[in-house]
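> One structure, pasted below without further comment.
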Amino acid sequence: MRDTSHPKIKQYTDKRTGKPRYLVRYRKPNGVQTMKRGFTTKRDAEAWLTDLESSKRRGEFVAVSAGRATIGELAEPWLRGKEVRVKASTWAALETAWRVHVAPTWERTAVAAVLPSDVQSWIRDLSEEKSPTVVIRAHGVLAGILDVAVRDRRIVANPARNVELPRKRRRAARYLSHVEVERVASISRHPALVYLLAYGGLRWGEATALRGTSVDRDRCRVRVDEAVVWVRGKPVVGTPKSHERRSVPLPRFVIDMLPDAGDGLLFPGARGEYMTAPTKAGRAADGSRLVVRWWEAALTAAGLPYMPPHDLRHTAASLAVQSGASVKVVQRMLGHASASMTLDVYADLFDADLDEVSAALEVRRAHELNTSPPDGRASRGALRIVGQAG
């Protein structure tokens with residue numbers, strides 16, 4: 001070992017090749033002294049040391065050994081952390097995404113070895129077989145684990161961020177009219193439940209968790225405090241989605257149809273447990289059709305194409321807007337996190353507002369110019385705007 005002019009850089013002879021090499025002694029941010037060997041020139045060693053000290057000052061130092069941890073080693077603590085924060089159904093979806101889609105490709109990969117191009121290639125291959133929802137969830141798991149690696153200073157940046165993801169296509173909402181709701185409910189096995197979903201907009205898990213004590217008959221409301229979700233065949237009761245408890249207004253005829261169940265469930269299953277959501281009948285292995293559920297049977301009898309029960313929530317939004325409800329009222333009724341979310345989901349229901357805006361502009365212009373607007377252009381909204389303007 002020979003001294004050099006730099007106190008932290010030493011020259012040594014590589015035993016395998018017999019050639020001179022350089023090593024750098026340095027301290028990690030925690031004060032522990034270590035070294036890095038193998039530099040072929042003193043200039044390379046000095047440049048590496050300069051970059052190292054700069055990264056320490058910026059708080060970006062990453063030890064080479066830290067990046068050797070595998071994604072599989074970090075996945076378990078990440079999942080445990082998620083388990084205490086998210087709902088049971090969400091956690092089950094994340095755990096399944098890890099086990100089925102992420103682990104087979106990435107479990108044994110060192111976090112420092114992950115490249116953005118590798119992540120993009122994995123997303124492309126997965127997108128050829130799976131829906132955008134599945135792909136986006138799997139990517140979220142991988143990116144979340146690598147976020148932990150960044151926070152632990154195992155890598156400088158997350159290679160799974162800023163990659164191209166498939167675009168989710170929202171299924172067109174189906175809205176029933178008052179007449180269609182009446183046809184379906186009147187011939188279904190659970191008419192009160194159908195009316196509740198169609199006029200209150202509750203999610204299935206919220207409606208089937210309601211108890212007799214949730215009903216305020218004087219104010220014509222139901223209190224949504226709980227929701228039930230089925231996780232791997234077992235019911236799990238928790239707070240509603242977005243953790244927002246709310247009071248939902250209902251027409252008097254719906255309130256009068258709700259049973260007086262006391263502390264019991266309003267809509268229990270066949271054995272008194274929580275009712276599961278009816279699904280569409282599929283095909284058995286021999287090609288024969290499976291048993292038709294009560295919901296599908298009611299739609300068929302009413303002459304309507306199949307739609308999942310959740311679409312009654314869309315119907316409730318549509319009927320509320322038709323009755324004059326504002327975006328804010330619909331948001332509170334449905335339990336959305338924000339009015340902007342309601343608009344994103346149900347923008348098509350507020351198209352009539354655009355017509356009123358154009359009519360209001362026409363009338364306002366005529367008012368300012370002391371001219372008459374073209375026939376048929378005035379509307380109640382436009383006249384209201386003119387009146388407010390004086």
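Convention: chains lettered A, B, ... in structure tokens order; per-chain residue numbering from 1; ligands numbered from 1 as shown.
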Which residues are close to Asp311 of chain A, i.e. within 9 Å by only C-alpha atoms, leaving aside same-chain residues fewer than 5 positions away? Reply as a PyMOL selection string.
chain A and resi 173-176+197-198+316
> Would you mind listing what lies within 10 Å of Cys220 of chain A as a list in words, with only C-alpha atoms counted and same-chain residues fewer than 5 positions away left out?
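What passes the distance filter is Val215, Ser247, Val248, Pro249, Leu250, Pro251, Arg252, Phe253, Val254, Ile255 and Asp256 of chain A.
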> Please save N, CA and C atoms of the selected residues as a PDB file, in the first residue's frame.

ATOM      1  N   VAL A 215     -82.704   4.045  10.410  1.00  0.00           N
ATOM      2  CA  VAL A 215     -83.792   4.720   9.708  1.00  0.00           C
ATOM      3  C   VAL A 215     -84.381   5.825  10.579  1.00  0.00           C
ATOM      4  N   SER A 247     -75.997  11.173   6.002  1.00  0.00           N
ATOM      5  CA  SER A 247     -77.437  10.998   6.123  1.00  0.00           C
ATOM      6  C   SER A 247     -78.044  11.157   4.734  1.00  0.00           C
ATOM      7  N   VAL A 248     -78.777  10.140   4.283  1.00  0.00           N
ATOM      8  CA  VAL A 248     -79.287  10.121   2.909  1.00  0.00           C
ATOM      9  C   VAL A 248     -80.799  10.337   2.905  1.00  0.00           C
ATOM     10  N   PRO A 249     -81.296  11.349   2.184  1.00  0.00           N
ATOM     11  CA  PRO A 249     -82.750  11.579   2.098  1.00  0.00           C
ATOM     12  C   PRO A 249     -83.402  10.573   1.166  1.00  0.00           C
ATOM     13  N   LEU A 250     -84.626  10.176   1.507  1.00  0.00           N
ATOM     14  CA  LEU A 250     -85.380   9.225   0.689  1.00  0.00           C
ATOM     15  C   LEU A 250     -86.825   9.688   0.568  1.00  0.00           C
ATOM     16  N   PRO A 251     -87.468   9.373  -0.540  1.00  0.00           N
ATOM     17  CA  PRO A 251     -88.901   9.673  -0.652  1.00  0.00           C
ATOM     18  C   PRO A 251     -89.685   8.944   0.447  1.00  0.00           C
ATOM     19  N   ARG A 252     -90.810   9.528   0.859  1.00  0.00           N
ATOM     20  CA  ARG A 252     -91.610   8.939   1.933  1.00  0.00           C
ATOM     21  C   ARG A 252     -92.045   7.517   1.603  1.00  0.00           C
ATOM     22  N   PHE A 253     -92.380   7.239   0.339  1.00  0.00           N
ATOM     23  CA  PHE A 253     -92.867   5.894   0.022  1.00  0.00           C
ATOM     24  C   PHE A 253     -91.779   4.834   0.219  1.00  0.00           C
ATOM     25  N   VAL A 254     -90.502   5.226   0.036  1.00  0.00           N
ATOM     26  CA  VAL A 254     -89.409   4.281   0.270  1.00  0.00           C
ATOM     27  C   VAL A 254     -89.240   4.045   1.767  1.00  0.00           C
ATOM     28  N   ILE A 255     -89.270   5.108   2.562  1.00  0.00           N
ATOM     29  CA  ILE A 255     -89.148   4.984   4.012  1.00  0.00           C
ATOM     30  C   ILE A 255     -90.243   4.076   4.559  1.00  0.00           C
ATOM     31  N   ASP A 256     -91.466   4.247   4.054  1.00  0.00           N
ATOM     32  CA  ASP A 256     -92.593   3.438   4.546  1.00  0.00           C
ATOM     33  C   ASP A 256     -92.438   1.968   4.200  1.00  0.00           C
TER      34      ASP A 256
END
> So the first atom is atom CA of Ile145 of chain A and the second is atom CA of Leu74 of chain A; what is the distance between them in Å, to one decimal place?
6.4 Å
> Pick out the closest residue to Gly324 of chain A from this set: A:Leu349, A:Arg364, A:Glu129, A:Asp344. Count only C-alpha atoms.
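Under the stated criterion, the closest residue is A:Leu349.
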> Quick one: DSSP alpha helix (DSSP H) residues in segment 9-136 of chain A, as an MDAnalysis selection string?
chainID A and resid 42:58 71:83 88:97 103:106 116:127 132:136
> Output the selection as an mmCIF file, in the first residue's frame - C-alpha atoms for each residue.

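After the write, part25.cif holds the following:
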data_model
loop_
_atom_site.group_PDB
_atom_site.id
_atom_site.type_symbol
_atom_site.label_atom_id
_atom_site.label_comp_id
_atom_site.auth_asym_id
_atom_site.auth_seq_id
_atom_site.Cartn_x
_atom_site.Cartn_y
_atom_site.Cartn_z
ATOM 1 C CA LYS A 42 -6.002 8.213 -9.152
ATOM 2 C CA ARG A 43 -8.073 10.696 -11.143
ATOM 3 C CA ASP A 44 -11.047 8.286 -11.197
ATOM 4 C CA ALA A 45 -10.734 7.799 -7.438
ATOM 5 C CA GLU A 46 -10.647 11.548 -6.805
ATOM 6 C CA ALA A 47 -13.665 12.174 -9.066
ATOM 7 C CA TRP A 48 -15.666 9.451 -7.304
ATOM 8 C CA LEU A 49 -14.767 10.888 -3.887
ATOM 9 C CA THR A 50 -15.814 14.383 -4.988
ATOM 10 C CA ASP A 51 -19.194 13.084 -6.183
ATOM 11 C CA LEU A 52 -19.587 11.148 -2.945
ATOM 12 C CA GLU A 53 -19.012 14.185 -0.740
ATOM 13 C CA SER A 54 -21.419 16.227 -2.848
ATOM 14 C CA SER A 55 -24.133 13.573 -2.545
ATOM 15 C CA LYS A 56 -23.645 13.522 1.243
ATOM 16 C CA ARG A 57 -24.087 17.274 1.429
ATOM 17 C CA ARG A 58 -27.265 17.075 -0.682
ATOM 18 C CA ILE A 71 -37.948 -6.179 -3.840
ATOM 19 C CA GLY A 72 -39.248 -9.305 -2.137
ATOM 20 C CA GLU A 73 -37.445 -8.375 1.090
ATOM 21 C CA LEU A 74 -39.105 -4.964 1.137
ATOM 22 C CA ALA A 75 -42.554 -6.180 0.053
ATOM 23 C CA GLU A 76 -43.524 -7.758 3.370
ATOM 24 C CA PRO A 77 -42.991 -4.635 5.530
ATOM 25 C CA TRP A 78 -44.702 -2.529 2.852
ATOM 26 C CA LEU A 79 -47.773 -4.765 2.902
ATOM 27 C CA ARG A 80 -47.824 -4.776 6.712
ATOM 28 C CA GLY A 81 -47.788 -0.987 6.682
ATOM 29 C CA LYS A 82 -50.668 -0.874 4.221
ATOM 30 C CA GLU A 83 -52.694 -3.316 6.333
ATOM 31 C CA ALA A 88 -59.533 -4.897 4.352
ATOM 32 C CA SER A 89 -60.851 -5.228 0.802
ATOM 33 C CA THR A 90 -58.223 -2.820 -0.523
ATOM 34 C CA TRP A 91 -55.444 -4.631 1.303
ATOM 35 C CA ALA A 92 -56.606 -7.975 -0.069
ATOM 36 C CA ALA A 93 -56.489 -6.534 -3.599
ATOM 37 C CA LEU A 94 -52.955 -5.219 -3.021
ATOM 38 C CA GLU A 95 -51.757 -8.520 -1.577
ATOM 39 C CA THR A 96 -53.235 -10.413 -4.522
ATOM 40 C CA ALA A 97 -51.609 -8.020 -7.004
ATOM 41 C CA ALA A 103 -43.679 -11.184 -7.242
ATOM 42 C CA PRO A 104 -43.223 -13.632 -10.152
ATOM 43 C CA THR A 105 -41.202 -10.998 -12.056
ATOM 44 C CA TRP A 106 -39.602 -8.820 -9.392
ATOM 45 C CA PRO A 116 -37.304 2.289 -15.896
ATOM 46 C CA SER A 117 -37.123 0.508 -19.254
ATOM 47 C CA ASP A 118 -37.543 -2.851 -17.493
ATOM 48 C CA VAL A 119 -40.614 -1.565 -15.652
ATOM 49 C CA GLN A 120 -42.081 -0.216 -18.891
ATOM 50 C CA SER A 121 -41.519 -3.549 -20.642
ATOM 51 C CA TRP A 122 -43.214 -5.392 -17.774
ATOM 52 C CA ILE A 123 -46.224 -3.066 -17.964
ATOM 53 C CA ARG A 124 -46.490 -3.606 -21.718
ATOM 54 C CA ASP A 125 -46.420 -7.397 -21.358
ATOM 55 C CA LEU A 126 -48.936 -7.366 -18.515
ATOM 56 C CA SER A 127 -51.267 -5.065 -20.475
ATOM 57 C CA PRO A 132 -55.971 -1.492 -17.241
ATOM 58 C CA THR A 133 -57.311 -1.677 -13.676
ATOM 59 C CA VAL A 134 -55.259 -4.784 -12.905
ATOM 60 C CA VAL A 135 -52.138 -3.343 -14.543
ATOM 61 C CA ILE A 136 -52.399 -0.011 -12.738
#
> Compare A:Leu299, A:Leu202, A:Val84, A:Leu258 by their minimum atom-to-atom distance to His314 of chain A, counting only C-alpha atoms, and give me the closest one.
A:Leu202
> Please compute the atom CA of Ser242 of chain A-atom CA of Gly201 of chain A distance, one decimal, in Å.
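We find that atom CA of Ser242 of chain A and atom CA of Gly201 of chain A lie 15.3 Å from each other.
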> Report the residues of segment 16-165 of chain A whose backbone DSSP state falls under strand (DSSP E or B), written as a ChimeraX atom specification.
/A:20-27,33-39,70,110
> Which neighbours of Val194 of chain A fall inside 10 Å, counting only C-alpha atoms, when residues of the same chain fewer than 4 positions from it are skipped, and could you give them as a PyMOL selection string?
chain A and resi 181-182+184-186+188-190+198-200+254+295+309+312
> Can you tell me which residues surround Arg203 of chain A at a distance of at most 7 Å, considering only C-alpha atoms, apart from same-chain residues fewer than 4 positions away, and format the answer as a ChimeraX atom specification?
/A:207,310,313
> Deliver the residues from the most recent selection as a file, using C-alpha atoms, as a short mmCIF file (atom, residue, chain, number, x, y, z; two decimals), in the first residue's frame.

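Writing done, so here's result03.cif:
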data_model
loop_
_atom_site.label_atom_id
_atom_site.label_comp_id
_atom_site.auth_asym_id
_atom_site.auth_seq_id
_atom_site.Cartn_x
_atom_site.Cartn_y
_atom_site.Cartn_z
CA ALA A 207 -77.40 -0.79 1.94
CA HIS A 310 -74.36 -0.87 -8.64
CA ARG A 313 -76.48 4.22 -7.82
#
> List the neighbours of Arg21 of chain A out to 7 Å using only C-alpha atoms; skip same-chain residues closer than 4 positions along the sequence, and give me the result as a list in words.
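Counting only the stated atoms, we get Gln11, Tyr12, Thr13, Asp14, Gly38, Phe39, Thr40 and Thr41 of chain A.
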> For those residues, write C-alpha atoms to a file as a PDB file, in the first residue's frame.

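Result file is result.pdb:
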ATOM      1  CA  GLN A  11      -2.491   2.921  -4.069  1.00  0.00           C
ATOM      2  CA  TYR A  12      -2.258  -0.859  -3.881  1.00  0.00           C
ATOM      3  CA  THR A  13      -1.372  -3.761  -6.153  1.00  0.00           C
ATOM      4  CA  ASP A  14      -4.127  -5.995  -7.461  1.00  0.00           C
ATOM      5  CA  GLY A  38     -10.728  -1.008  -7.756  1.00  0.00           C
ATOM      6  CA  PHE A  39     -10.131   2.401  -9.345  1.00  0.00           C
ATOM      7  CA  THR A  40      -7.643   2.125 -12.221  1.00  0.00           C
ATOM      8  CA  THR A  41      -6.412   5.721 -11.939  1.00  0.00           C
TER       9      THR A  41
END
